[in-house]
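Shown below: upload-v4.txt, with compact mmCIF, C-alpha atoms and all ligand atoms.
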# COMPACT_ATOMS: atom_id res chain seq x y z
CA MET A 1 8.77 -1.36 -9.92
CA LEU A 2 8.73 2.33 -9.06
CA SER A 3 11.17 4.18 -6.87
CA GLU A 4 10.43 4.48 -3.16
CA ARG A 5 10.77 8.20 -3.61
CA VAL A 6 7.86 8.52 -5.96
CA ASN A 7 5.75 6.10 -3.96
CA ARG A 8 5.97 8.51 -1.03
CA ILE A 9 3.89 11.13 -2.80
CA GLU A 10 0.39 11.34 -4.18
CA GLU A 11 -1.16 12.84 -7.26
CA SER A 12 -1.88 16.57 -6.82
CA ALA A 13 -5.40 16.76 -5.40
CA THR A 14 -6.06 20.15 -6.93
CA LEU A 15 -5.19 18.83 -10.37
CA ARG A 16 -7.23 15.67 -9.82
CA ILE A 17 -10.43 17.62 -9.14
CA SER A 18 -9.87 19.90 -12.11
CA ASP A 19 -9.24 16.82 -14.29
CA LEU A 20 -12.55 15.34 -13.11
CA ALA A 21 -14.31 18.63 -13.70
CA ASN A 22 -12.79 18.81 -17.20
CA LYS A 23 -14.10 15.34 -17.95
CA LEU A 24 -17.63 16.42 -16.99
CA LYS A 25 -17.14 19.59 -19.05
CA ARG A 26 -16.21 17.53 -22.09
CA ALA A 27 -19.38 15.53 -21.50
CA GLY A 28 -21.29 18.80 -21.98
CA LYS A 29 -21.93 19.75 -18.34
CA ASP A 30 -21.78 23.41 -17.35
CA ILE A 31 -19.14 23.25 -14.62
CA ILE A 32 -18.50 26.19 -12.31
CA SER A 33 -14.88 25.83 -11.38
CA PHE A 34 -13.96 27.04 -7.92
CA SER A 35 -11.00 24.70 -7.85
CA VAL A 36 -8.39 26.36 -10.01
CA GLY A 37 -5.36 28.09 -8.58
CA GLU A 38 -4.89 30.61 -11.35
CA PRO A 39 -6.18 34.09 -12.19
CA ASP A 40 -8.77 33.99 -14.97
CA PHE A 41 -7.46 37.25 -16.48
CA THR A 42 -5.44 37.35 -19.68
CA THR A 43 -1.79 38.32 -19.30
CA PRO A 44 -1.50 42.13 -19.78
CA GLN A 45 -0.87 43.05 -23.42
CA HIS A 46 2.49 44.82 -22.95
CA ILE A 47 3.91 41.59 -21.49
CA ILE A 48 2.60 39.52 -24.39
CA ASP A 49 4.02 42.06 -26.86
CA ALA A 50 7.47 41.87 -25.28
CA ALA A 51 7.50 38.07 -25.57
CA LYS A 52 6.29 38.25 -29.20
CA LYS A 53 9.03 40.73 -29.99
CA ALA A 54 11.60 38.38 -28.44
CA LEU A 55 10.31 35.57 -30.65
CA ASP A 56 10.45 37.78 -33.75
CA GLU A 57 14.02 38.72 -32.86
CA GLY A 58 15.01 35.07 -32.70
CA ARG A 59 15.43 34.83 -28.94
CA THR A 60 14.59 31.17 -29.10
CA HIS A 61 17.72 29.58 -27.69
CA TYR A 62 18.85 28.35 -24.30
CA THR A 63 19.52 31.19 -21.89
CA PRO A 64 21.99 31.14 -19.02
CA SER A 65 20.70 28.66 -16.42
CA THR A 66 20.34 31.47 -13.92
CA GLY A 67 18.17 33.49 -16.35
CA ILE A 68 18.81 36.38 -18.74
CA PRO A 69 20.80 39.24 -17.15
CA GLU A 70 18.07 41.85 -17.90
CA LEU A 71 15.53 39.83 -15.96
CA ARG A 72 17.83 39.14 -13.04
CA GLU A 73 18.54 42.85 -12.82
CA ALA A 74 14.81 43.67 -12.86
CA ILE A 75 14.24 41.07 -10.12
CA ALA A 76 17.08 42.49 -8.01
CA ASN A 77 15.37 45.89 -8.24
CA LYS A 78 12.02 44.36 -7.39
CA PHE A 79 13.45 42.72 -4.28
CA LYS A 80 14.30 46.20 -2.96
CA GLU A 81 10.52 46.66 -2.46
CA ASN A 82 10.77 43.76 -0.02
CA ASP A 83 13.83 45.19 1.76
CA ILE A 84 15.81 42.29 0.38
CA SER A 85 19.20 43.20 -0.92
CA ALA A 86 20.22 40.80 -3.68
CA SER A 87 22.50 41.46 -6.63
CA PRO A 88 21.55 40.05 -10.05
CA ASN A 89 24.13 37.31 -9.41
CA GLU A 90 22.24 36.22 -6.33
CA ILE A 91 19.09 35.41 -8.28
CA ILE A 92 17.91 32.36 -10.16
CA VAL A 93 15.05 32.43 -12.68
CA THR A 94 13.14 29.15 -12.69
CA PRO A 95 10.42 27.54 -14.80
CA GLY A 96 7.70 28.48 -12.28
CA ALA A 97 7.96 29.24 -8.58
CA LYS A 98 7.15 25.58 -8.06
CA GLN A 99 10.46 24.56 -9.62
CA ALA A 100 12.29 26.97 -7.29
CA ILE A 101 10.52 25.38 -4.29
CA PHE A 102 11.39 21.90 -5.51
CA GLU A 103 15.03 22.89 -6.01
CA ALA A 104 15.19 24.59 -2.60
CA THR A 105 13.88 21.53 -0.75
CA LEU A 106 16.19 19.19 -2.67
CA ALA A 107 19.10 21.52 -1.97
CA THR A 108 18.55 21.80 1.78
CA LEU A 109 16.96 18.57 3.03
CA ASN A 110 18.52 15.18 3.69
CA GLU A 111 16.91 11.80 4.35
CA GLY A 112 15.55 11.88 7.89
CA ASP A 113 15.48 15.67 8.24
CA GLU A 114 12.27 17.38 9.30
CA ALA A 115 10.57 20.35 7.71
CA ILE A 116 7.88 22.37 9.46
CA LEU A 117 4.69 23.12 7.51
CA PHE A 118 1.90 25.27 8.86
CA ASP A 119 -1.30 23.29 8.56
CA PRO A 120 -3.14 23.85 6.23
CA ALA A 121 -0.49 24.48 3.58
CA TRP A 122 -0.27 24.47 -0.21
CA VAL A 123 -0.32 20.90 -1.53
CA SER A 124 3.11 20.72 -3.13
CA TYR A 125 5.20 21.54 -0.04
CA GLU A 126 4.51 18.15 1.51
CA SER A 127 5.43 16.35 -1.71
CA CYS A 128 8.61 18.37 -2.22
CA VAL A 129 9.70 17.62 1.35
CA LYS A 130 8.95 13.92 0.90
CA LEU A 131 10.70 13.71 -2.48
CA ALA A 132 13.76 15.14 -0.76
CA GLY A 133 13.54 12.21 1.70
CA ALA A 134 12.58 14.41 4.64
CA LYS A 135 9.56 14.32 6.95
CA PRO A 136 6.87 17.01 7.01
CA ILE A 137 5.97 18.12 10.53
CA TRP A 138 2.55 19.73 10.61
CA VAL A 139 1.97 22.66 12.94
CA LYS A 140 -1.76 23.27 13.21
CA THR A 141 -3.07 26.80 12.83
CA ASP A 142 -6.41 27.88 14.21
CA GLU A 143 -9.16 29.33 12.07
CA LYS A 144 -10.19 31.57 14.99
CA ARG A 145 -6.79 33.25 14.75
CA GLY A 146 -7.12 33.63 10.99
CA PHE A 147 -4.96 30.54 10.35
CA ILE A 148 -1.91 32.31 11.78
CA PRO A 149 0.64 30.10 13.59
CA GLU A 150 1.31 30.46 17.31
CA ASP A 151 4.45 29.45 19.16
CA PHE A 152 5.55 26.13 17.65
CA LEU A 153 8.79 25.62 19.54
CA GLU A 154 7.63 22.21 20.74
CA SER A 155 7.59 20.98 17.13
CA VAL A 156 11.27 21.81 16.65
CA THR A 157 13.59 18.84 17.18
CA LYS A 158 17.24 18.09 16.52
CA LYS A 159 16.17 16.90 13.06
CA THR A 160 14.40 20.10 12.06
CA LYS A 161 16.13 21.76 9.14
CA LEU A 162 13.57 23.93 7.36
CA ILE A 163 10.43 25.98 8.01
CA ILE A 164 8.15 26.72 5.06
CA VAL A 165 6.36 30.07 5.20
CA ASN A 166 3.69 31.11 2.72
CA THR A 167 2.17 34.55 3.10
CA PRO A 168 -0.31 35.52 1.72
CA GLY A 169 -1.20 31.86 1.91
CA ASN A 170 -2.85 29.19 -0.15
CA PRO A 171 -5.38 27.72 0.82
CA THR A 172 -6.53 30.15 3.56
CA GLY A 173 -5.59 33.62 2.29
CA ALA A 174 -3.91 34.29 5.65
CA VAL A 175 -1.42 37.15 5.77
CA PHE A 176 1.24 36.83 8.46
CA ASP A 177 1.82 40.02 10.45
CA GLU A 178 5.13 41.31 11.74
CA ASN A 179 4.85 39.57 15.13
CA THR A 180 4.18 36.19 13.52
CA LEU A 181 7.12 36.53 11.16
CA LYS A 182 9.30 37.67 14.06
CA LEU A 183 8.30 34.57 16.03
CA ILE A 184 9.27 32.36 13.08
CA ALA A 185 12.51 34.28 12.51
CA ASP A 186 13.46 34.01 16.20
CA ILE A 187 12.91 30.25 16.19
CA ALA A 188 14.84 29.86 12.92
CA ARG A 189 17.80 31.85 14.25
CA ASP A 190 17.82 30.21 17.70
CA HIS A 191 17.79 26.71 16.19
CA ASP A 192 19.87 27.41 13.11
CA LEU A 193 17.11 26.53 10.62
CA PHE A 194 16.52 27.52 7.03
CA VAL A 195 13.30 29.26 6.00
CA LEU A 196 11.70 28.84 2.61
CA SER A 197 9.47 31.86 2.08
CA ASP A 198 6.97 31.47 -0.73
CA GLU A 199 5.68 34.93 -1.63
CA VAL A 200 3.88 34.23 -4.90
CA TYR A 201 0.67 35.91 -3.66
CA GLU A 202 2.51 39.00 -2.43
CA LYS A 203 0.63 41.38 -4.71
CA ILE A 204 -2.80 39.91 -4.07
CA ILE A 205 -3.45 41.44 -0.70
CA TYR A 206 -6.55 43.28 0.56
CA GLU A 207 -5.68 44.13 4.15
CA GLY A 208 -2.38 44.48 5.94
CA LYS A 209 1.01 44.77 4.37
CA HIS A 210 3.15 42.06 2.82
CA LEU A 211 6.41 41.53 4.72
CA SER A 212 9.30 39.34 3.60
CA ILE A 213 10.88 37.31 6.37
CA ALA A 214 14.29 37.73 4.67
CA SER A 215 14.14 41.42 5.63
CA PHE A 216 14.30 40.53 9.35
CA ASP A 217 17.60 40.69 11.26
CA GLY A 218 19.84 37.70 10.70
CA MET A 219 17.46 36.17 8.15
CA PRO A 220 19.09 36.83 4.74
CA GLU A 221 21.72 34.19 5.49
CA ARG A 222 19.11 31.51 6.18
CA THR A 223 16.17 32.38 3.91
CA ILE A 224 15.29 31.24 0.42
CA THR A 225 12.76 33.76 -0.92
CA VAL A 226 10.66 32.49 -3.80
CA ASN A 227 8.35 34.54 -5.96
CA GLY A 228 6.91 34.33 -9.45
CA PHE A 229 4.87 35.84 -12.25
CA SER A 230 1.89 33.45 -12.33
CA LYS A 231 -0.35 35.13 -9.79
CA ALA A 232 0.63 38.82 -9.88
CA TYR A 233 0.63 39.12 -13.67
CA ALA A 234 -1.75 36.31 -14.65
CA MET A 235 1.11 34.39 -16.27
CA THR A 236 0.54 30.82 -15.07
CA GLY A 237 1.17 29.23 -18.46
CA TRP A 238 4.42 31.10 -18.95
CA ARG A 239 6.07 29.04 -16.19
CA LEU A 240 8.28 31.65 -14.63
CA GLY A 241 9.43 32.05 -11.07
CA TYR A 242 12.53 33.21 -9.28
CA ALA A 243 14.42 32.97 -6.02
CA THR A 244 17.21 34.46 -4.02
CA ALA A 245 19.05 32.53 -1.34
CA PRO A 246 22.37 32.37 0.50
CA PRO A 247 25.15 31.64 -2.04
CA GLU A 248 25.70 27.94 -1.23
CA ILE A 249 22.00 27.20 -1.48
CA LEU A 250 21.63 29.19 -4.68
CA ASP A 251 24.57 27.29 -6.22
CA ALA A 252 22.98 23.99 -5.22
CA MET A 253 19.63 25.03 -6.71
CA LEU A 254 21.43 26.06 -9.88
CA LYS A 255 23.09 22.64 -10.18
CA ILE A 256 19.69 20.96 -9.90
CA GLN A 257 18.28 23.30 -12.51
CA GLN A 258 21.23 22.80 -14.88
CA HIS A 259 20.65 19.06 -14.83
CA SER A 260 16.86 19.15 -15.05
CA ALA A 261 15.15 22.13 -16.74
CA SER A 262 18.39 23.82 -17.99
CA CYS A 263 16.73 27.22 -17.93
CA ALA A 264 13.37 28.96 -18.01
CA THR A 265 11.82 29.55 -21.46
CA SER A 266 13.77 32.22 -23.33
CA PHE A 267 11.03 34.44 -24.78
CA ALA A 268 8.92 34.14 -21.62
CA GLN A 269 11.80 35.73 -19.73
CA TYR A 270 11.66 38.76 -22.03
CA GLY A 271 7.95 39.06 -21.29
CA ALA A 272 8.78 38.95 -17.58
CA VAL A 273 11.20 41.87 -17.96
CA ALA A 274 8.27 43.90 -19.32
CA ALA A 275 6.10 42.69 -16.43
CA LEU A 276 8.52 44.01 -13.81
CA THR A 277 9.67 47.17 -15.56
CA GLY A 278 6.37 48.21 -17.20
CA ALA A 279 3.27 49.86 -15.73
CA GLN A 280 1.96 48.12 -12.62
CA GLU A 281 -1.68 49.34 -12.86
CA CYS A 282 -2.70 45.95 -14.22
CA ILE A 283 -2.08 44.47 -10.77
CA ALA A 284 -4.28 47.04 -8.99
CA GLU A 285 -7.10 46.36 -11.46
CA MET A 286 -6.93 42.61 -10.89
CA VAL A 287 -6.73 43.00 -7.11
CA SER A 288 -9.74 45.31 -7.09
CA GLU A 289 -11.79 42.73 -8.98
CA PHE A 290 -10.55 39.94 -6.68
CA ARG A 291 -11.60 42.01 -3.65
CA ALA A 292 -15.15 42.43 -5.00
CA ARG A 293 -15.33 38.68 -5.67
CA ARG A 294 -14.02 37.83 -2.22
CA ASN A 295 -16.70 39.95 -0.58
CA LEU A 296 -19.44 38.51 -2.80
CA LEU A 297 -18.35 34.97 -2.01
CA VAL A 298 -17.77 35.36 1.73
CA ASP A 299 -21.08 37.25 2.22
CA GLY A 300 -22.92 34.73 0.04
CA LEU A 301 -21.52 31.76 1.95
CA LYS A 302 -22.48 33.40 5.21
CA SER A 303 -26.04 33.94 4.00
CA ILE A 304 -26.39 30.20 3.34
CA GLY A 305 -25.00 29.29 6.76
CA LEU A 306 -21.37 28.64 5.81
CA GLU A 307 -19.35 30.97 8.00
CA CYS A 308 -15.73 31.48 7.01
CA THR A 309 -12.83 33.78 7.70
CA ARG A 310 -12.66 36.75 5.31
CA PRO A 311 -9.20 36.19 3.79
CA LYS A 312 -6.73 39.06 3.71
CA GLY A 313 -4.91 37.89 0.61
CA ALA A 314 -4.62 35.40 -2.31
CA PHE A 315 -7.87 34.28 -3.98
CA TYR A 316 -9.20 31.41 -1.89
CA VAL A 317 -11.54 30.91 1.02
CA PHE A 318 -11.16 27.90 3.26
CA VAL A 319 -14.60 26.89 4.46
CA ASN A 320 -15.57 24.49 7.22
CA VAL A 321 -18.30 22.24 5.79
CA GLY A 322 -18.19 19.74 8.67
CA GLN A 323 -21.93 20.15 9.29
CA TYR A 324 -22.53 18.48 5.88
CA GLY A 325 -19.81 15.83 5.94
CA SER A 326 -16.09 15.65 5.24
CA GLY A 327 -14.53 18.04 2.74
CA MET A 328 -14.10 15.13 0.31
CA ASP A 329 -17.78 14.08 0.57
CA VAL A 330 -18.97 17.63 0.09
CA ALA A 331 -16.60 18.24 -2.84
CA GLU A 332 -17.87 15.09 -4.56
CA ARG A 333 -21.51 15.98 -3.94
CA LEU A 334 -21.05 19.50 -5.23
CA LEU A 335 -19.31 18.25 -8.36
CA ASN A 336 -21.71 15.43 -9.16
CA GLU A 337 -24.99 17.09 -8.13
CA ALA A 338 -24.39 20.79 -8.78
CA TYR A 339 -21.49 20.71 -11.25
CA VAL A 340 -19.54 22.96 -8.90
CA ALA A 341 -15.85 22.07 -8.49
CA VAL A 342 -14.19 22.86 -5.15
CA THR A 343 -11.08 21.31 -3.61
CA PRO A 344 -11.32 19.01 -0.58
CA GLY A 345 -9.47 20.62 2.33
CA GLY A 346 -7.72 17.41 3.39
CA ALA A 347 -5.37 17.92 0.43
CA PHE A 348 -3.79 20.79 2.35
CA GLY A 349 -2.95 18.97 5.56
CA PRO A 350 -4.52 16.97 8.39
CA SER A 351 -6.49 19.89 9.85
CA GLY A 352 -8.30 20.51 6.56
CA THR A 353 -10.37 17.32 6.54
CA ASN A 354 -13.67 19.09 7.19
CA TYR A 355 -12.96 21.99 4.90
CA VAL A 356 -13.17 22.77 1.22
CA ARG A 357 -11.14 25.39 -0.59
CA ILE A 358 -13.11 27.67 -2.87
CA SER A 359 -11.09 29.68 -5.37
CA TYR A 360 -12.68 32.93 -6.50
CA ALA A 361 -10.59 33.28 -9.64
CA THR A 362 -13.79 33.31 -11.65
CA SER A 363 -16.29 36.03 -12.59
CA GLN A 364 -18.79 37.56 -10.16
CA ALA A 365 -21.66 36.21 -12.27
CA ARG A 366 -20.28 32.66 -11.97
CA ILE A 367 -19.68 33.13 -8.23
CA SER A 368 -23.33 34.16 -7.76
CA GLU A 369 -24.54 31.20 -9.76
CA GLY A 370 -22.18 28.84 -7.94
CA LEU A 371 -23.51 30.06 -4.59
CA GLU A 372 -27.07 29.32 -5.70
CA ARG A 373 -26.09 25.83 -6.78
CA ILE A 374 -24.21 25.17 -3.53
CA GLU A 375 -27.26 26.31 -1.58
CA GLY A 376 -29.46 24.03 -3.67
CA VAL A 377 -27.38 20.95 -2.82
CA LEU A 378 -26.43 21.64 0.80
CA VAL A 379 -29.41 23.59 2.10
CA GLY A 380 -32.13 22.43 -0.29
C1 LIG B 401 1.45 28.87 -2.64
C2 LIG B 401 1.88 28.60 -4.03
N1 LIG B 401 3.19 28.58 -4.32
C3 LIG B 401 3.63 28.34 -5.57
C4 LIG B 401 2.75 28.10 -6.59
C5 LIG B 401 3.29 27.79 -7.96
O1 LIG B 401 3.45 28.92 -8.73
P1 LIG B 401 4.09 28.83 -10.19
O2 LIG B 401 2.95 28.86 -11.16
O3 LIG B 401 4.94 30.05 -10.30
O4 LIG B 401 4.88 27.58 -10.29
C6 LIG B 401 1.38 28.10 -6.36
C7 LIG B 401 0.43 27.79 -7.44
O5 LIG B 401 -0.69 27.42 -7.25
C8 LIG B 401 0.93 28.37 -5.04
O6 LIG B 401 -0.38 28.40 -4.75
So, in terms of structure tokens, how does the structure I just supplied come out?
Amino acid sequence: MLSERVNRIEESATLRISDLANKLKRAGKDIISFSVGEPDFTTPQHIIDAAKKALDEGRTHYTPSTGIPELREAIANKFKENDISASPNEIIVTPGAKQAIFEATLATLNEGDEAILFDPAWVSYESCVKLAGAKPIWVKTDEKRGFIPEDFLESVTKKTKLIIVNTPGNPTGAVFDENTLKLIADIARDHDLFVLSDEVYEKIIYEGKHLSIASFDGMPERTITVNGFSKAYAMTGWRLGYATAPPEILDAMLKIQQHSASCATSFAQYGAVAALTGAQECIAEMVSEFRARRNLLVDGLKSIGLECTRPKGAFYVFVNVGQYGSGMDVAERLLNEAYVAVTPGGAFGPSGTNYVRISYATSQARISEGLERIEGVLVG
């Protein structure tokens, strides 16, 4: 009955666990959720006020498909921070970064093409690649190297069309350094490949510096840079992302958007202008809290015998639980016996089978309690 296309993909594992957890919550259980991929902070007030003002002023209609000019201008200015030169006309505002990623894969990949994903990778890349008819090629990264890819030339074939880069990364929090990005850029240039660079966690970084691969020599003409408001400004429910790309790709993404979402929500875009042009202290405050939570979680896990890499960015730790069973078994046990929701690592690629992802987008008090419960189930 259903299309082959949709049969190629599976339900989002991160959403499935949070749905299960929500069910238990509705049944009155006190669930500690380490599975969500969103900041628990409220959107900063000045951003909310700007959206309310837009509503009061009647800005409730369709906007240009590319986004309102004020926002595209603010994004063009923001890209200068990344050493990316893009005019407002070279930017598309999308309903979430996810929509930009979906449009970019549909715009660049054909049936039978291959796209390189660094394993483990965020869940939706694989599905986007498959929906576009292409094949994901997993390139394993090693936890000992901080989940940073090494030379992957042997995975490049005549069919390779796209490399997906995500730094800082979900689910590992890895931050790619200059040498790693240079390696990827060299391979992309030598083999005439596109790069999709997902930089939504750019601002949530504790060590090292965020670098955009589009700022490397010869990369602007082959890179689609995607970013968004969800993570940096705690705006997940606003559904706002953006991208810049070479003109033909941007035009193709725009066509897809015109015939699917039309445009991003009008008043949300006015809020986003305030996010980019207003005070940025709100980000530093959130990052400082995330850093404290990261340290609490990583140290706590270590003290109960679960060693893991201290992530340099984003708000997740990727923990090897192989000594207690597969990531799926452990996630189910933790949910059913301790009411602690984590995400099974296999959702993020073949190398994640023995891992779980723990999101620390929850308060320090809940992290401490969650650690106690995890210890109770796994250690006894
Ligand atoms: C790596 C990565 N990219 C993109 C997204 C989607 O962001 P948005 O809310 O802007 O669609 C997420 C959300 O979890 C993510 O983790």
For stretch 288-301 of chain A, please output as JSON, numbers by chain all residues within 12 Å (counting only C-alpha atoms; exclusion window: fewer than 2 positions along the same chain). {"A": [34, 38, 39, 40, 41, 173, 203, 204, 205, 206, 207, 231, 232, 281, 282, 283, 284, 285, 286, 303, 304, 305, 306, 307, 308, 309, 310, 311, 312, 313, 314, 315, 316, 317, 318, 319, 320, 321, 358, 359, 360, 361, 362, 363, 364, 365, 366, 367, 368, 369, 370, 371, 372, 373, 374, 375, 378, 379]}
Would you kindly return, as a PyMOL selection string, each protein, DNA or RNA residue with an atom no farther than 10 Å from any atom of stretch 237-242 of chain A, considering all atoms listed in the file and excluding same-chain residues fewer than 2 positions away? chain A and resi 38+43+66-67+71-72+75+91-101+200+225-230+234-235+244+264-265+267-269+271-272
Of the residues A:Ser215, A:Ile164, A:Asn179, A:Trp122, which is the one nearest to ligand LIG 401 (chain B), using only C-alpha atoms and all ligand atoms?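 Selected residue with least distance to ligand LIG 401 (chain B): A:Trp122.
Nearest to A:Asp217 of all the residues A:Ile249, A:Leu193, A:Ile84, A:Ala243 is A:Ile84, based on all atoms listed in the file.
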Distance query A:Gly322 at most 10 Å, only C-alpha atoms, self and fewer than 3 positions along chain excluded, as a ChimeraX atom specification: /A:306,319,325-327,329-330,353-356
Considering all atoms listed in the file, state which residue in the set A:Val139, A:Pro120, A:Leu335, A:Gly349 is at the smallest distance from A:Leu24. A:Leu335
Take stretch 315-332 of chain A from the preceding structure and save N, CA, C and O atoms as a JSON list (two decimals), in the first residue's frame.
[["chain", "number", "residue", "atom", "x", "y", "z"],
["A", 315, "PHE", "N", 24.80, 18.94, 23.90],
["A", 315, "PHE", "CA", 24.42, 18.62, 25.28],
["A", 315, "PHE", "C", 24.08, 17.14, 25.46],
["A", 315, "PHE", "O", 23.07, 16.78, 26.07],
["A", 316, "TYR", "N", 24.98, 16.30, 24.91],
["A", 316, "TYR", "CA", 24.79, 14.86, 25.02],
["A", 316, "TYR", "C", 26.11, 14.18, 25.41],
["A", 316, "TYR", "O", 27.17, 14.67, 25.02],
["A", 317, "VAL", "N", 25.99, 13.07, 26.13],
["A", 317, "VAL", "CA", 27.15, 12.17, 26.24],
["A", 317, "VAL", "C", 26.74, 10.83, 25.63],
["A", 317, "VAL", "O", 25.58, 10.42, 25.73],
["A", 318, "PHE", "N", 27.72, 10.21, 25.00],
["A", 318, "PHE", "CA", 27.48, 8.93, 24.33],
["A", 318, "PHE", "C", 28.26, 7.90, 25.12],
["A", 318, "PHE", "O", 29.49, 7.93, 25.15],
["A", 319, "VAL", "N", 27.53, 7.01, 25.80],
["A", 319, "VAL", "CA", 28.16, 6.18, 26.82],
["A", 319, "VAL", "C", 28.12, 4.71, 26.43],
["A", 319, "VAL", "O", 27.04, 4.17, 26.11],
["A", 320, "ASN", "N", 29.27, 4.05, 26.50],
["A", 320, "ASN", "CA", 29.33, 2.62, 26.21],
["A", 320, "ASN", "C", 28.81, 1.85, 27.43],
["A", 320, "ASN", "O", 29.37, 1.93, 28.51],
["A", 321, "VAL", "N", 27.69, 1.14, 27.22],
["A", 321, "VAL", "CA", 27.09, 0.38, 28.33],
["A", 321, "VAL", "C", 27.22, -1.12, 28.05],
["A", 321, "VAL", "O", 26.51, -1.93, 28.65],
["A", 322, "GLY", "N", 28.11, -1.47, 27.13],
["A", 322, "GLY", "CA", 28.25, -2.86, 26.67],
["A", 322, "GLY", "C", 28.40, -3.86, 27.82],
["A", 322, "GLY", "O", 27.96, -5.01, 27.70],
["A", 323, "GLN", "N", 29.01, -3.43, 28.92],
["A", 323, "GLN", "CA", 29.19, -4.36, 30.05],
["A", 323, "GLN", "C", 27.85, -4.81, 30.66],
["A", 323, "GLN", "O", 27.78, -5.81, 31.37],
["A", 324, "TYR", "N", 26.77, -4.04, 30.36],
["A", 324, "TYR", "CA", 25.45, -4.39, 30.92],
["A", 324, "TYR", "C", 24.47, -4.90, 29.87],
["A", 324, "TYR", "O", 23.32, -5.19, 30.17],
["A", 325, "GLY", "N", 24.89, -4.93, 28.63],
["A", 325, "GLY", "CA", 23.98, -5.38, 27.57],
["A", 325, "GLY", "C", 23.99, -4.38, 26.42],
["A", 325, "GLY", "O", 24.77, -3.42, 26.43],
["A", 326, "SER", "N", 23.12, -4.60, 25.44],
["A", 326, "SER", "CA", 23.09, -3.67, 24.30],
["A", 326, "SER", "C", 22.47, -2.34, 24.77],
["A", 326, "SER", "O", 21.81, -2.29, 25.81],
["A", 327, "GLY", "N", 22.67, -1.31, 23.97],
["A", 327, "GLY", "CA", 22.11, 0.00, 24.30],
["A", 327, "GLY", "C", 20.59, -0.08, 24.43],
["A", 327, "GLY", "O", 19.99, 0.57, 25.29],
["A", 328, "MET", "N", 19.97, -0.90, 23.56],
["A", 328, "MET", "CA", 18.50, -1.03, 23.59],
["A", 328, "MET", "C", 18.06, -1.70, 24.89],
["A", 328, "MET", "O", 17.13, -1.22, 25.56],
["A", 329, "ASP", "N", 18.75, -2.80, 25.27],
["A", 329, "ASP", "CA", 18.38, -3.49, 26.52],
["A", 329, "ASP", "C", 18.51, -2.55, 27.71],
["A", 329, "ASP", "O", 17.63, -2.48, 28.57],
["A", 330, "VAL", "N", 19.62, -1.84, 27.74],
["A", 330, "VAL", "CA", 19.88, -0.96, 28.89],
["A", 330, "VAL", "C", 18.85, 0.18, 28.91],
["A", 330, "VAL", "O", 18.30, 0.52, 29.96],
["A", 331, "ALA", "N", 18.54, 0.73, 27.73],
["A", 331, "ALA", "CA", 17.56, 1.83, 27.69],
["A", 331, "ALA", "C", 16.20, 1.34, 28.20],
["A", 331, "ALA", "O", 15.52, 2.03, 28.97],
["A", 332, "GLU", "N", 15.83, 0.13, 27.79],
["A", 332, "GLU", "CA", 14.53, -0.41, 28.25],
["A", 332, "GLU", "C", 14.52, -0.67, 29.74],
["A", 332, "GLU", "O", 13.57, -0.34, 30.44]]
